[in-house]
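K.L.:
Dumping the structure here so I can ask a few things about it.
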Amino acid sequence: VMVGYRGADGNSAFKSKKISKAIKGRNHQIFSDESLDNSKLKVKEFAEELKQKGFNIKKYTMLDVIDDIEYTRKALEMPKINLYSVSYGTRVALLYSYKYPNSINRSVMVGANPPGHFMLFADKTEQILNKYDSLYKIQNPRISIKEAMKKTYANMPKRWSGFRLDADKIKVGTFLFIFEVDNAATVFDAYFKAANKDDYSGLYLIQLLFDIAMSKNNLWGDMLSKGLSADFEPNKNYRTDFKSYDKTTILGPNISLLLWGLADGWNPSLIPEEYRKVRKSDTQTLILSGNMDNSTPTDFATEKLLPNLPNGHQVVLQDYSHNMIDNYQQEQIKAMIAYYFKTGAVDKSQIKYQPIDFKPKRSLNKMAKLGYPILVVLNWIY
């Protein structure tokens, strides 16, 4: 049974093309104050637009979504339910266990997100890059991913083949690409070619794909109303805090600055404090984590969630990243989840270690060059 999120599904989807356009930045500098201020303005205008249409945006928080799911459970006359959640959804599942503990049989959380972690931390991303670098050097001792990335940004030209390059946009695109380890190998290949052959075609393609993704995924109102309701701190200067990482880490403040740098434009309705912090939950819970997860890092779940889950278990999948269910050994992972829901026991015996293959399955540089006419059209559209 799947229950649509209010603000995301059905006729009340909070979509905004204007925010999507603004998010892509001005003058090819998405993290400039001019770009962030423009995005913040569009966020304010969209919030006002929704109010004018009769929406009470204060009723689109995460707890309201949980109440919708609980309403559905009762309507279907289910005594207890199993919850399956991924990434953002794991916070919904966790807060569900706080609010309605007697409604849940068992919960499986894939890529668990503890309270306070809808923002992404640059130093943690740097640690993940260190892991990739170490693993890559096992196969290629004389080559460093991080050194290639540093050289790339130090020598980045203003344009590739007439197209303006935005280093920060490429960094955000890189962060999103390495949600999957297979894609990570492809991205690192593009960095090697930029650093060693001065070929930035693959990185421009990452930048363009970011623009397309921002245009397609335009549920900004949903993201702002729910995510901010849980983690927003009204007196915090997010721009200053996140920009401090700009010079100390390779990928910098990344998507956190992009989203939280405009957060106060929404004026979010915060959920009660008791749901904004980690507390004990007796729900039988299985957490699946990937040790290469740059979005919901493993140790956040280990250190912050697990001690507060007396009936909790964590399985850490080695060399898996954030989109672990979409990666290899899918059937074995799904079988483990199904067995847990059925019995409450954890059996990971079918899952075998599979090291990352750093040989790219595709070349972004080749795709960019062969599809150059298409790039011209897409650049004009997006």
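Chain labels follow the order of the structure tokens: the first chain is A, the next B, and so on; residue numbering restarts at 1 in every chain, and ligands are counted from 1 in their shown order.
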Show me a table, sorted first by chain and then by increasing residue number, of the residues of segment 75-185 of chain A having an atom at most 12 Å from segment 19-24 of chain A, each with its shortest atom pair and the distance in Å to one decimal, counting only C-alpha atoms and written as JSON lines.
P.N.:
```
{"residue": "A:Asp166", "atom": "CA", "partner": "A:Lys24", "partner_atom": "CA", "distance": 10.0}
{"residue": "A:Asp168", "atom": "CA", "partner": "A:Lys24", "partner_atom": "CA", "distance": 10.6}
{"residue": "A:Lys169", "atom": "CA", "partner": "A:Lys24", "partner_atom": "CA", "distance": 8.1}
{"residue": "A:Ile170", "atom": "CA", "partner": "A:Lys24", "partner_atom": "CA", "distance": 11.5}
{"residue": "A:Val172", "atom": "CA", "partner": "A:Lys24", "partner_atom": "CA", "distance": 11.0}
{"residue": "A:Gly173", "atom": "CA", "partner": "A:Lys24", "partner_atom": "CA", "distance": 11.6}
```
K.L.:
Include all heavy atoms and write out the residues we just selected as a compact mmCIF listing (two decimals), in the first residue's frame.
P.N.:
```txt
# COMPACT_ATOMS: atom_id res chain seq x y z
N ASP A 166 30.06 26.35 -14.83
CA ASP A 166 29.76 26.78 -13.47
C ASP A 166 30.33 25.72 -12.53
O ASP A 166 29.77 24.64 -12.39
CB ASP A 166 28.25 26.93 -13.27
CG ASP A 166 27.87 27.45 -11.89
OD1 ASP A 166 28.66 27.26 -10.94
OD2 ASP A 166 26.77 28.02 -11.75
N ASP A 168 30.52 25.43 -9.32
CA ASP A 168 29.68 25.00 -8.20
C ASP A 168 28.54 24.10 -8.67
O ASP A 168 28.15 23.16 -7.97
CB ASP A 168 29.11 26.22 -7.47
CG ASP A 168 30.17 26.95 -6.66
OD1 ASP A 168 31.04 26.27 -6.11
OD2 ASP A 168 30.13 28.19 -6.60
N LYS A 169 28.02 24.38 -9.84
CA LYS A 169 26.96 23.53 -10.38
C LYS A 169 27.51 22.13 -10.69
O LYS A 169 26.83 21.12 -10.46
CB LYS A 169 26.38 24.18 -11.64
CG LYS A 169 25.05 23.62 -12.07
CD LYS A 169 24.48 24.40 -13.26
CE LYS A 169 24.01 25.78 -12.84
NZ LYS A 169 23.32 26.49 -13.94
N ILE A 170 28.72 22.08 -11.19
CA ILE A 170 29.36 20.79 -11.46
C ILE A 170 29.58 20.02 -10.15
O ILE A 170 29.42 18.80 -10.09
CB ILE A 170 30.69 20.99 -12.21
CG1 ILE A 170 30.41 21.53 -13.63
CG2 ILE A 170 31.48 19.68 -12.30
CD1 ILE A 170 31.65 21.99 -14.37
N VAL A 172 27.73 20.24 -7.42
CA VAL A 172 26.43 19.70 -6.99
C VAL A 172 26.06 18.49 -7.83
O VAL A 172 25.60 17.46 -7.31
CB VAL A 172 25.33 20.77 -7.08
CG1 VAL A 172 23.97 20.17 -6.71
CG2 VAL A 172 25.63 21.95 -6.17
N GLY A 173 26.27 18.58 -9.14
CA GLY A 173 26.00 17.46 -10.03
C GLY A 173 26.83 16.24 -9.68
O GLY A 173 26.34 15.10 -9.69
```
K.L.:
Give me, as a ChimeraX atom specification, all polymer residues having an atom no more than 12 Å from Lys197 of chain A, counting only C-alpha atoms and skipping those fewer than 6 positions away in the same chain.
P.N.:
/A:148,151-152,155-156,189-191,365
K.L.:
Please provide as JSON, numbers by chain all residues within 10 Å of segment 50-54 of chain A, with the sequence filter that same-chain residues fewer than 3 positions apart are discarded (counting only C-alpha atoms).
P.N.:
{"A": [12, 14, 45, 46, 47, 57, 221]}
K.L.:
Take the residues that were just selected and, keeping C-alpha atoms, output them as a PDB file, in the first residue's frame.
P.N.:
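After the write, selection-v2.pdb holds the following:
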```pdb
ATOM      1  CA  SER A  12      -2.286  19.603  -4.490  1.00  0.00           C
ATOM      2  CA  PHE A  14       3.302  22.184  -4.862  1.00  0.00           C
ATOM      3  CA  GLU A  45       6.382  34.605  -4.102  1.00  0.00           C
ATOM      4  CA  PHE A  46       5.395  30.946  -4.426  1.00  0.00           C
ATOM      5  CA  ALA A  47       4.399  30.704  -0.758  1.00  0.00           C
ATOM      6  CA  ILE A  57       0.852  25.622   3.857  1.00  0.00           C
ATOM      7  CA  GLY A 221       6.876  23.613  -2.133  1.00  0.00           C
TER       8      GLY A 221
END
```
K.L.:
Might you pull out every residue within 12 Å of segment 330-347 of chain A, with only C-alpha atoms counted and same-chain residues fewer than 3 positions away left off, and present them as a VMD selection string?
P.N.:
chain A and resid 81 to 85 104 to 110 283 to 289 311 to 317 320 323 to 327 350 to 353
K.L.:
Please give the complete set of residues from segment 16-234 of chain A that DSSP, run on the backbone, assigns to alpha helix (DSSP H), formatted as a PyMOL selection string.
P.N.:
chain A and resi 17-23+33-52+62-75+88-99+122-139+145-154+167-177+181-197+201-216+220-231
K.L.:
Of the candidates A:Asp299, A:Lys359, A:Leu258, A:Ala263, which one gets nearest to Phe31 of chain A if we count only C-alpha atoms?
P.N.:
A:Leu258
K.L.:
Which residue is closest to Gly202 of chain A? Choose from A:Leu378, A:Leu257, A:Leu165, A:Val65 and count only C-alpha atoms.
P.N.:
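The closest residue to Gly202 of chain A is A:Leu165.
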K.L.:
Residues near Ala8 of chain A, anyone? I mean within 10 Å using only C-alpha atoms, not counting same-chain ones fewer than 6 positions away, as a ChimeraX atom specification.
P.N.:
/A:14-15,60,218-223
K.L.:
Could you write out that same residue set with N, CA and C atoms as a PDB file, in the first residue's frame?
P.N.:
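Contents of part_6.pdb, as written:
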```
ATOM      1  N   PHE A  14       2.748  20.833  -4.965  1.00  0.00           N
ATOM      2  CA  PHE A  14       3.302  22.184  -4.862  1.00  0.00           C
ATOM      3  C   PHE A  14       4.468  22.349  -5.841  1.00  0.00           C
ATOM      4  N   LYS A  15       4.148  22.479  -7.116  1.00  0.00           N
ATOM      5  CA  LYS A  15       5.171  22.609  -8.150  1.00  0.00           C
ATOM      6  C   LYS A  15       5.403  24.077  -8.498  1.00  0.00           C
ATOM      7  N   TYR A  60       1.050  21.221   5.774  1.00  0.00           N
ATOM      8  CA  TYR A  60       1.750  20.324   4.849  1.00  0.00           C
ATOM      9  C   TYR A  60       3.098  19.901   5.435  1.00  0.00           C
ATOM     10  N   ASN A 218      10.354  19.735  -9.855  1.00  0.00           N
ATOM     11  CA  ASN A 218       9.970  21.082  -9.432  1.00  0.00           C
ATOM     12  C   ASN A 218       8.987  21.109  -8.270  1.00  0.00           C
ATOM     13  N   LEU A 219       9.042  20.079  -7.424  1.00  0.00           N
ATOM     14  CA  LEU A 219       8.162  20.029  -6.251  1.00  0.00           C
ATOM     15  C   LEU A 219       8.787  20.789  -5.072  1.00  0.00           C
ATOM     16  N   TRP A 220       9.130  22.026  -5.320  1.00  0.00           N
ATOM     17  CA  TRP A 220       9.852  22.794  -4.313  1.00  0.00           C
ATOM     18  C   TRP A 220       9.002  23.071  -3.078  1.00  0.00           C
ATOM     19  N   GLY A 221       7.736  23.335  -3.274  1.00  0.00           N
ATOM     20  CA  GLY A 221       6.876  23.613  -2.133  1.00  0.00           C
ATOM     21  C   GLY A 221       6.779  22.429  -1.197  1.00  0.00           C
ATOM     22  N   ASP A 222       6.719  21.243  -1.766  1.00  0.00           N
ATOM     23  CA  ASP A 222       6.669  20.033  -0.954  1.00  0.00           C
ATOM     24  C   ASP A 222       7.962  19.862  -0.163  1.00  0.00           C
ATOM     25  N   MET A 223       9.090  20.038  -0.839  1.00  0.00           N
ATOM     26  CA  MET A 223      10.382  19.877  -0.188  1.00  0.00           C
ATOM     27  C   MET A 223      10.568  20.891   0.944  1.00  0.00           C
TER      28      MET A 223
END
```
K.L.:
What is the atom CA of Asn237 of chain A-atom CA of Pro272 of chain A distance in Å, reported with one decimal?
P.N.:
21.4 Å
K.L.:
Do you know which residues are at most 10 Å from segment 3-6 of chain A counting only C-alpha atoms, after dropping those on the same chain fewer than 2 positions away, and could you put them as a list in words?
P.N.:
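Final neighbour list, sorted by chain and number: Val1, Ala8, Asp9, Gly10, Asn11, Ser12, Ala13, Phe14, Lys59, Tyr60, Thr61, Met62, Asp64, Val65, Ile66, Asp68, Ile69, Glu70, Thr72, Arg73, Asp222 and Lys226 of chain A.
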K.L.:
Between atom CA of Ser16 of chain A and atom CA of Lys40 of chain A, what is the distance in Å, rounded to a tenth?
P.N.:
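Atom CA of Ser16 of chain A sits 12.8 Å away from atom CA of Lys40 of chain A.
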K.L.:
Among segment 267-332 of chain A, which residues carry a DSSP assignment of strand (DSSP E), reported as JSON, numbers by chain?
P.N.:
{"A": [284, 285, 286, 287, 288, 289, 290, 312, 313, 314, 315, 316, 317]}
K.L.:
Name the closest residue to Leu251 of chain A among the candidates A:Val376, A:Ser39, A:Leu176, A:Leu76; distances are taken between atoms, counting only C-alpha atoms.
P.N.:
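Of all the options, A:Leu176 lies closest to Leu251 of chain A.
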K.L.:
In Å to one decimal, how far is atom CA of Tyr88 of chain A from atom CA of Arg276 of chain A?
P.N.:
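It comes out at 14.3 Å.
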